[in-house]
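**Q** Please find one structure pasted underneath; my questions will follow.
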Amino acid sequence: MLLSLAIATGLAACSKKEEATATADAAKPADAATLTLDESKLPGVNRFQLADLDTSKDACTDFGGYVNGKWLAANAIPGDRTSWGAFEMLDERSQAIQRQLAEQAAAMKDAKGVEKIVGDFWSTGMDAAKVNAQGLEPLKGHLDAIAALDSQDKIADYVRSSAAKGENFLFGFGPEADFKDSKMNIAYAMQGGLGLPDKGYYFDADKKDKLAAYEAHIAKVLELSGVPAADAGTQAKDVIAFETRLAKVSKSSEEMSRDVGLYYNPVSPADADKLTPNFAWSKFFESQGVAVPKMFSLAIPAFHQEVSRMLADVPAAQWQSYLRFHTVDGASPYLADAFAEEHFNFYNKALRGQKEMKERGKRVLDTIESETGEALGQMYVKVAFSPESKARMETLVKNLSEALKTRIENLAWMGDETKKKAMEKWASFTPKIGYPDKWRSWEGLVTGRDSYIGNVLAANEFNYKWMMGKIGKPVDRTEWGMPPQMVNAYYNPLQNEIVFPAAILQPPFFDANADDALNYGGIGAVIGHEMIHGYDDQGSRFDATGKFENWWTPDDAKGFSGRTDKLVAQFNGYEAVPGKFVNGKLTLGENIADLGGLATAYDALQRATAGQPDPKLDGLTRDQRFFANWATVWRRNFTPEELNVRLTTDPHAPANFRAIGAPSNLPTFAAAFSCKPGQPMVREGDKQVVIW
């Protein structure tokens, strides 16, 4: 995974019955220039509607119930999902568009470029009969190589050679801008190697059942791969012991999300070799086709030191079990049904509470987005994103930017010296809307109609080599970290950019036919949210150029942390499930962005409608509609298992608390609904949080 996706701050964030093959008449033969979209076949969107309001509830007491209670009660989570709300509905719509395009691409005669790539993935992925007939054969070379690993040197060499193909299970490695010179890419080596979502799953008493289920899953996968059942159970215990050692020296999700400095530990390869005597980094760089640099970031050095020790003291047979399991497990979604179903049974069903496996077409589209997302994105924007939408978004971004400028200028708690730096950062924001101005080249990626997993492995290696080619080179600021068809948005502190893919620019976020109140309460607040990420507890550690440095005076830094501590306390008080509360520290950055983003969007709405009479649509004032659409964005049901995973790993608070958390701190919300002091949606005095 690219480091930019690990540190960039995003907004949000599987029926047994499967189709055997793409039907012959799914799409008539077509040329690349004739991609079409049948909008009548697309699922609906989740707009704010007056009928959704539960007027039996008081907005000042239970705002979430007032706006979303009826909808949540009437909209159960589909069997192939673990959550359901505005984001998921738009994702379904995006996938329906992608499916039409993939079917057309697969049916094209003599397709070239991105249409050939997408068509090859779709055709091979949908051919279940061929996938099942191939069984484990596509991985035979991998498994034979692992079986021959009988020494420390051979294991280290295998780690290097498999990484060069984009198949490194042991640690993360990739390019990202230098924290001290954001114009240049350097290499970052990260922690990794765990099959469970967080290190706590290996030690916490309340997660013992998940660890036991994981051990059973490992045994089943090894058995499916050809290991005798009796041996598979023993090897599964070895894999758990192996990963537990890694977990002990890993950082938690909370630590990684709340201290971006953990990513940056610049060292020379020679000094890195001293830390990891059994794993030579100079040799690793050479094996990846990368010139040995003067410096790279060896993040979480204790993790890499432990890997070095494990190369010396873990028996070769245990390494073989670990590598065999992760090789087969990682490939399982693209293998025969028995492998794909076992993968689903643990990661989706046992871990996250998903009742049904996604039908085959949805899973193939997930693969296309994961492996060649921007290729499909080029096709997507031809049929699903209008120039008018981009133009209106540009106006919204400009209005939000001006509103944020005014807020910063008027901050009473910040001194002039720090404020000057904050304004420099404001002036250098780079917005990206819809899709890239320059598309990524896919020249050199060879796909075909012979093997689904063959296409996946080819794309893995192609993408990895593409990333390796960035190391030591200037940052390409035209690149995007999300494809256009993804329903999300993000902020990248190293480039000080805010990015809004095309797929999120639909209701309830954005509606060209809606009034300003809804659009500012939806996408306006999202724009503000991403801008404020530049000033959250981690984004504020980067300056206007993306350099990782402190631009705060000591007094202002102290004042900022005092305010953020209050927001931590607010969210620590939200009980997500009986006995389990939101982690206010883990979710701090997103909560800061929600609070500042919503306040900024409200200001921008007032600027945009200044001098205009309040239309009071459907009996609601402009301000009431603004806040109601904010809550509509965050209507979302979760399975209990999914919610438990998110409470440990997700830097976003559960959606129901995002709906109420920020508005409860805003006097403008209280005024809009005539709330009185003491009511739950009115935070006053020391409890009120005011930051940006």
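Ordering of the structure tokens sets the chain letters (A, B, ...), residue numbers begin anew at 1 in every chain, and ligands are numbered from 1 in the order given.
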Where in range 148-273 of chain A does DSSP assign alpha helix (DSSP H), given as number ranges by chain?
**A** A: 152-163, 208-224, 229-248, 253-258, 269-273
**Q** Leaving out Gln191 in chain A and any residue of its chain fewer than 5 positions from it, which residues lie within 7 Å of it when counting only C-alpha atoms, given as a compact mmCIF listing (two decimals) with all heavy atoms, in the first residue's frame?
**A**
```
# COMPACT_ATOMS: atom_id res chain seq x y z
N PHE A 171 6.51 -6.94 5.55
CA PHE A 171 6.57 -5.53 5.96
C PHE A 171 6.16 -4.66 4.79
O PHE A 171 6.19 -5.08 3.62
CB PHE A 171 7.97 -5.14 6.46
CG PHE A 171 9.08 -5.35 5.48
CD1 PHE A 171 9.41 -4.37 4.55
CD2 PHE A 171 9.83 -6.52 5.49
CE1 PHE A 171 10.44 -4.54 3.65
CE2 PHE A 171 10.87 -6.71 4.58
CZ PHE A 171 11.17 -5.73 3.65
N GLY A 172 5.75 -3.43 5.09
CA GLY A 172 5.37 -2.51 4.03
C GLY A 172 6.59 -1.80 3.47
O GLY A 172 7.53 -1.49 4.20
N SER A 250 4.92 -4.19 17.20
CA SER A 250 4.17 -3.32 16.29
C SER A 250 3.50 -2.21 17.07
O SER A 250 3.23 -2.32 18.26
CB SER A 250 3.11 -4.12 15.52
OG SER A 250 3.69 -5.11 14.71
N ILE A 300 9.38 2.46 12.54
CA ILE A 300 9.19 1.45 13.60
C ILE A 300 10.41 0.52 13.62
O ILE A 300 10.31 -0.69 13.36
CB ILE A 300 7.88 0.64 13.41
CG1 ILE A 300 6.77 1.50 12.85
CG2 ILE A 300 7.49 -0.03 14.72
CD1 ILE A 300 6.35 2.64 13.73
N PHE A 303 10.40 -3.02 15.09
CA PHE A 303 9.74 -4.08 14.31
C PHE A 303 10.76 -4.76 13.40
O PHE A 303 10.84 -5.99 13.33
CB PHE A 303 8.60 -3.49 13.48
CG PHE A 303 7.97 -4.47 12.53
CD1 PHE A 303 6.93 -5.28 12.95
CD2 PHE A 303 8.44 -4.60 11.23
CE1 PHE A 303 6.37 -6.21 12.08
CE2 PHE A 303 7.89 -5.52 10.36
CZ PHE A 303 6.84 -6.33 10.78
```
**Q** Given only C-alpha atoms, how would the per-residue table for range 464-507 of chain A near range 539-542 of chain A read, listing every residue at most 9 Å away with its closest atom pair and distance in Å to one decimal, sorted by chain and number, as CSV?
**A**
```
residue,atom,partner,partner_atom,distance
A:Tyr491,CA,A:Gly539,CA,8.8
A:Asn492,CA,A:Gly539,CA,8.4
A:Pro493,CA,A:Gly539,CA,5.7
A:Leu494,CA,A:Phe542,CA,7.1
A:Asn496,CA,A:Phe542,CA,8.5
```
**Q** Pick out the residues sitting within 8 Å of range 647-661 of chain A, and hand them over as a ChimeraX atom specification; count only C-alpha atoms, and ignore anything fewer than 4 positions along from it in its own chain.
**A** /A:12-13,63-64,197-198,253-254,257,571,574,576,581-583,586-591,594-595,630-636,643,665,681
**Q** Store the residues of this selection in a file with N, CA and C atoms, as a compact mmCIF listing (two decimals), in the first residue's frame.
**A**
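Produced file again-v3.txt, reproduced below:
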```txt
# COMPACT_ATOMS: atom_id res chain seq x y z
N ALA A 12 -14.34 8.89 4.96
CA ALA A 12 -15.05 7.82 5.63
C ALA A 12 -14.23 7.00 6.65
N ALA A 13 -12.94 7.07 6.51
CA ALA A 13 -13.14 6.07 6.51
C ALA A 13 -12.38 6.92 6.89
N PHE A 63 -31.03 14.44 18.07
CA PHE A 63 -30.96 14.91 16.69
C PHE A 63 -30.78 13.75 15.70
N GLY A 64 -29.98 12.76 16.10
CA GLY A 64 -29.79 11.61 15.24
C GLY A 64 -31.09 10.87 15.00
N PRO A 197 -6.58 -7.33 12.28
CA PRO A 197 -6.64 -5.89 12.03
C PRO A 197 -5.74 -5.01 12.88
N ASP A 198 -5.34 -5.48 14.07
CA ASP A 198 -4.59 -4.63 14.99
C ASP A 198 -3.83 -5.53 15.95
N SER A 253 -3.19 0.71 16.02
CA SER A 253 -3.88 1.64 15.11
C SER A 253 -3.94 3.03 15.72
N GLU A 254 -4.21 3.11 17.01
CA GLU A 254 -4.28 4.41 17.67
C GLU A 254 -2.93 5.12 17.61
N SER A 257 -2.18 6.31 14.02
CA SER A 257 -3.04 7.40 13.53
C SER A 257 -2.81 8.70 14.26
N PHE A 571 -15.84 12.66 22.90
CA PHE A 571 -16.09 11.41 22.19
C PHE A 571 -15.81 10.19 23.06
N TYR A 574 -19.07 8.84 24.48
CA TYR A 574 -20.11 8.22 23.65
C TYR A 574 -20.00 6.70 23.75
N ALA A 576 -20.73 3.29 22.34
CA ALA A 576 -21.09 2.75 21.03
C ALA A 576 -21.90 1.48 21.14
N PHE A 581 -16.90 2.19 24.54
CA PHE A 581 -17.03 3.60 24.19
C PHE A 581 -16.14 3.93 22.98
N VAL A 582 -16.48 5.01 22.34
CA VAL A 582 -15.64 5.53 21.26
C VAL A 582 -14.28 5.91 21.83
N ASN A 583 -13.24 5.68 21.06
CA ASN A 583 -11.89 6.08 21.46
C ASN A 583 -11.64 7.50 20.96
N LEU A 586 -8.14 8.01 19.27
CA LEU A 586 -8.03 7.39 17.95
C LEU A 586 -8.76 8.21 16.89
N THR A 587 -9.92 8.75 17.24
CA THR A 587 -10.78 9.45 16.28
C THR A 587 -10.59 10.97 16.29
N LEU A 588 -9.58 11.45 17.00
CA LEU A 588 -9.45 12.90 17.20
C LEU A 588 -9.34 13.68 15.89
N GLY A 589 -8.50 13.24 14.99
CA GLY A 589 -8.29 13.99 13.76
C GLY A 589 -9.57 14.18 12.97
N GLU A 590 -10.35 13.10 12.86
CA GLU A 590 -11.61 13.19 12.11
C GLU A 590 -12.62 14.06 12.84
N ASN A 591 -12.61 14.01 14.16
CA ASN A 591 -13.56 14.83 14.92
C ASN A 591 -13.22 16.32 14.84
N ASP A 594 -14.46 17.29 11.39
CA ASP A 594 -15.92 17.42 11.37
C ASP A 594 -16.36 18.74 11.98
N LEU A 595 -15.81 19.05 13.15
CA LEU A 595 -16.21 20.25 13.87
C LEU A 595 -15.86 21.51 13.08
N TRP A 630 -26.48 17.41 6.92
CA TRP A 630 -25.25 16.93 7.58
C TRP A 630 -25.52 15.60 8.25
N ALA A 631 -26.60 15.49 8.99
CA ALA A 631 -26.93 14.24 9.67
C ALA A 631 -27.28 13.15 8.67
N THR A 632 -27.93 13.52 7.57
CA THR A 632 -28.29 12.53 6.55
C THR A 632 -27.05 11.84 5.99
N VAL A 633 -26.00 12.60 5.80
CA VAL A 633 -24.74 12.04 5.31
C VAL A 633 -24.25 10.92 6.22
N TRP A 634 -24.52 11.06 7.53
CA TRP A 634 -23.96 10.12 8.51
C TRP A 634 -24.97 9.09 9.00
N ARG A 635 -26.06 8.89 8.27
CA ARG A 635 -26.95 7.78 8.64
C ARG A 635 -26.31 6.48 8.17
N ARG A 636 -26.15 5.57 9.11
CA ARG A 636 -25.42 4.33 8.78
C ARG A 636 -25.66 3.27 9.84
N LEU A 643 -18.80 -3.04 13.90
CA LEU A 643 -18.64 -1.91 14.81
C LEU A 643 -17.51 -2.18 15.79
N ASN A 665 -21.69 21.35 19.40
CA ASN A 665 -20.76 22.40 19.83
C ASN A 665 -21.03 23.75 19.18
N MET A 681 -28.17 18.44 22.99
CA MET A 681 -27.49 18.96 21.80
C MET A 681 -26.92 20.36 22.02
```
**Q** Please list as a count of residues only every residue within 12 Å of range 223-232 of chain A, counting only C-alpha atoms and excluding residues in the same chain fewer than 4 positions away.
**A** 41
**Q** Among the residues of range 426-476 of chain A, find those DSSP assigns to strand (DSSP E) from the backbone and print them as JSON, numbers by chain.
**A** {"A": [430, 431, 432, 433, 434]}
**Q** Restricting it to all heavy atoms, dump the selection as a short mmCIF file (atom, residue, chain, number, x, y, z; two decimals), in the first residue's frame.
**A**
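As written to disk, out_0.cif reads:
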```cif
data_model
loop_
_atom_site.label_atom_id
_atom_site.label_comp_id
_atom_site.auth_asym_id
_atom_site.auth_seq_id
_atom_site.Cartn_x
_atom_site.Cartn_y
_atom_site.Cartn_z
N THR A 430 -4.22 22.95 -2.48
CA THR A 430 -4.46 22.56 -3.87
C THR A 430 -5.69 21.67 -3.94
O THR A 430 -5.65 20.54 -3.43
CB THR A 430 -3.25 21.81 -4.46
OG1 THR A 430 -2.10 22.65 -4.41
CG2 THR A 430 -3.52 21.40 -5.90
N PRO A 431 -6.79 22.14 -4.55
CA PRO A 431 -7.97 21.28 -4.69
C PRO A 431 -7.91 20.45 -5.97
O PRO A 431 -7.43 20.93 -7.01
CB PRO A 431 -9.12 22.29 -4.73
CG PRO A 431 -8.52 23.52 -5.32
CD PRO A 431 -7.06 23.53 -4.94
N LYS A 432 -8.37 19.21 -5.89
CA LYS A 432 -8.50 18.33 -7.05
C LYS A 432 -9.93 17.81 -7.07
O LYS A 432 -10.40 17.27 -6.07
CB LYS A 432 -7.51 17.18 -6.98
CG LYS A 432 -6.04 17.60 -7.06
CD LYS A 432 -5.12 16.39 -6.97
CE LYS A 432 -3.66 16.78 -7.11
NZ LYS A 432 -2.76 15.60 -7.01
N ILE A 433 -10.59 17.95 -8.21
CA ILE A 433 -12.02 17.65 -8.28
C ILE A 433 -12.31 16.69 -9.42
O ILE A 433 -11.91 16.95 -10.57
CB ILE A 433 -12.84 18.94 -8.46
CG1 ILE A 433 -12.60 19.90 -7.28
CG2 ILE A 433 -14.33 18.64 -8.60
CD1 ILE A 433 -13.14 21.29 -7.51
N GLY A 434 -13.00 15.61 -9.12
CA GLY A 434 -13.52 14.70 -10.13
C GLY A 434 -12.57 13.62 -10.56
O GLY A 434 -12.78 12.44 -10.29
#
```
**Q** Rank nothing, just name the residue among A:Gly481, A:Gly469, A:Gly261, A:Gly685 nearest to Phe548 in chain A, using only C-alpha atoms.
**A** A:Gly261
**Q** For CA of Arg563 in chain A and CA of Asp536 in chain A, determine how far apart the two atoms are, in Å to one decimal place.
**A**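 Interatomic distance here is 11.3 Å.
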**Q** Using only C-alpha atoms, which protein or nucleic acid residues come within 12 Å of Phe560 in chain A? Drop anything in the same chain fewer than 5 positions from it, and give the result as a ChimeraX atom specification.
**A** /A:411-415,418,535-538,540,552-555,565-567,592,689-692
**Q** Keeping only N, CA, C and O atoms, take the residues you just selected and write them out as a short mmCIF file (atom, residue, chain, number, x, y, z; two decimals), in the first residue's frame.
**A**
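Listed below is the output, selection_5.cif:
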```cif
data_model
loop_
_atom_site.label_atom_id
_atom_site.label_comp_id
_atom_site.auth_asym_id
_atom_site.auth_seq_id
_atom_site.Cartn_x
_atom_site.Cartn_y
_atom_site.Cartn_z
N LEU A 411 -9.50 34.05 14.69
CA LEU A 411 -9.27 33.19 15.85
C LEU A 411 -8.74 34.01 17.02
O LEU A 411 -7.67 34.61 16.93
N ALA A 412 -9.47 34.01 18.10
CA ALA A 412 -9.05 34.80 19.27
C ALA A 412 -7.95 34.10 20.06
O ALA A 412 -7.15 34.76 20.74
N TRP A 413 -7.89 32.77 19.99
CA TRP A 413 -6.95 32.03 20.84
C TRP A 413 -5.56 31.85 20.21
O TRP A 413 -4.64 31.38 20.86
N MET A 414 -5.41 32.25 18.95
CA MET A 414 -4.14 32.04 18.26
C MET A 414 -3.39 33.36 18.08
O MET A 414 -3.97 34.37 17.68
N GLY A 415 -2.09 33.33 18.36
CA GLY A 415 -1.26 34.52 18.22
C GLY A 415 -0.92 34.83 16.78
O GLY A 415 -1.05 33.99 15.88
N THR A 418 1.79 32.46 14.80
CA THR A 418 1.25 31.18 14.34
C THR A 418 0.18 31.40 13.28
O THR A 418 0.10 30.66 12.30
N TYR A 535 -5.23 21.23 9.51
CA TYR A 535 -5.03 21.86 10.82
C TYR A 535 -5.48 20.95 11.97
O TYR A 535 -5.69 21.43 13.08
N ASP A 536 -5.64 19.65 11.69
CA ASP A 536 -5.99 18.76 12.81
C ASP A 536 -4.73 18.42 13.60
O ASP A 536 -3.66 18.99 13.36
N ASP A 537 -4.81 17.49 14.53
CA ASP A 537 -3.68 17.25 15.42
C ASP A 537 -2.45 16.71 14.69
O ASP A 537 -1.33 16.84 15.18
N GLN A 538 -2.64 16.10 13.51
CA GLN A 538 -1.51 15.60 12.74
C GLN A 538 -1.21 16.48 11.52
O GLN A 538 -0.06 16.78 11.23
N SER A 540 -1.59 19.53 11.26
CA SER A 540 -0.99 20.78 11.73
C SER A 540 0.50 20.65 12.01
O SER A 540 1.15 21.62 12.37
N TRP A 552 4.27 26.20 15.20
CA TRP A 552 3.47 26.76 16.29
C TRP A 552 4.35 27.39 17.36
O TRP A 552 5.41 26.84 17.70
N THR A 553 3.90 28.48 17.93
CA THR A 553 4.56 28.99 19.13
C THR A 553 4.17 28.08 20.29
O THR A 553 3.12 27.42 20.25
N PRO A 554 4.99 28.00 21.33
CA PRO A 554 4.66 27.12 22.46
C PRO A 554 3.30 27.43 23.08
O PRO A 554 2.54 26.51 23.43
N ASP A 555 2.97 28.71 23.23
CA ASP A 555 1.69 29.08 23.84
C ASP A 555 0.51 28.64 22.97
O ASP A 555 -0.50 28.13 23.49
N ASP A 565 -8.03 18.29 23.67
CA ASP A 565 -8.28 17.38 24.80
C ASP A 565 -9.76 17.36 25.17
O ASP A 565 -10.30 16.31 25.55
N LYS A 566 -10.41 18.49 25.04
CA LYS A 566 -11.85 18.54 25.34
C LYS A 566 -12.66 17.74 24.32
O LYS A 566 -13.67 17.12 24.65
N LEU A 567 -12.19 17.74 23.07
CA LEU A 567 -12.88 16.96 22.05
C LEU A 567 -12.66 15.47 22.27
O LEU A 567 -13.57 14.66 22.05
N ILE A 592 -11.92 16.63 14.82
CA ILE A 592 -11.51 18.02 14.60
C ILE A 592 -11.99 18.48 13.23
O ILE A 592 -12.53 19.59 13.08
N VAL A 689 -16.67 22.77 22.71
CA VAL A 689 -15.36 22.71 22.05
C VAL A 689 -15.36 23.67 20.86
O VAL A 689 -16.20 23.57 19.97
N VAL A 690 -14.42 24.59 20.89
CA VAL A 690 -14.24 25.54 19.79
C VAL A 690 -12.77 25.49 19.39
O VAL A 690 -11.90 25.77 20.22
N ILE A 691 -12.51 25.13 18.15
CA ILE A 691 -11.10 25.05 17.71
C ILE A 691 -10.91 25.97 16.51
O ILE A 691 -10.55 27.13 16.65
N TRP A 692 -11.19 25.47 15.33
CA TRP A 692 -10.98 26.29 14.13
C TRP A 692 -12.24 27.04 13.76
O TRP A 692 -13.32 26.51 13.81
#
```
**Q** When you draw a straight line from CA of Val487 in chain A to CA of Ala599 in chain A, how long is it in Å?
**A**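 Pair CA of Val487 in chain A / CA of Ala599 in chain A returns 22.9 Å.
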**Q** Rank A:Gln98, A:Phe87, A:Tyr188, A:Arg440 by their smallest atom-to-atom distance to Asp38 in chain A, using only C-alpha atoms, and report the top residue only.
**A** A:Gln98
**Q** With distances taken over only C-alpha atoms, which residue among A:Lys208, A:Arg160, A:Lys419, A:Lys398 lies nearest Ala608 in chain A?
**A**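 Among the listed residues, A:Lys398 lies closest to Ala608 in chain A.
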**Q** Quick one: of A:Thr545, A:Thr395, A:Asn572, A:Thr34, who's nearest to Ala177 in chain A, counting only C-alpha atoms?
**A**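 For Ala177 in chain A, the nearest of the candidates is A:Thr545.
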**Q** Just the number, please: distance in Å from CA of Lys41 in chain A to CA of Arg99 in chain A, one decimal.
**A** 10.8 Å
**Q** Please provide as a PyMOL selection string all residues within 12 Å of range 153-156 of chain A, with the sequence filter that same-chain residues fewer than 4 positions apart are discarded (counting only C-alpha atoms).
**A** chain A and resi 145-149+160-163+168+170+276-281+283-284+287+307-312+314-320+322-323
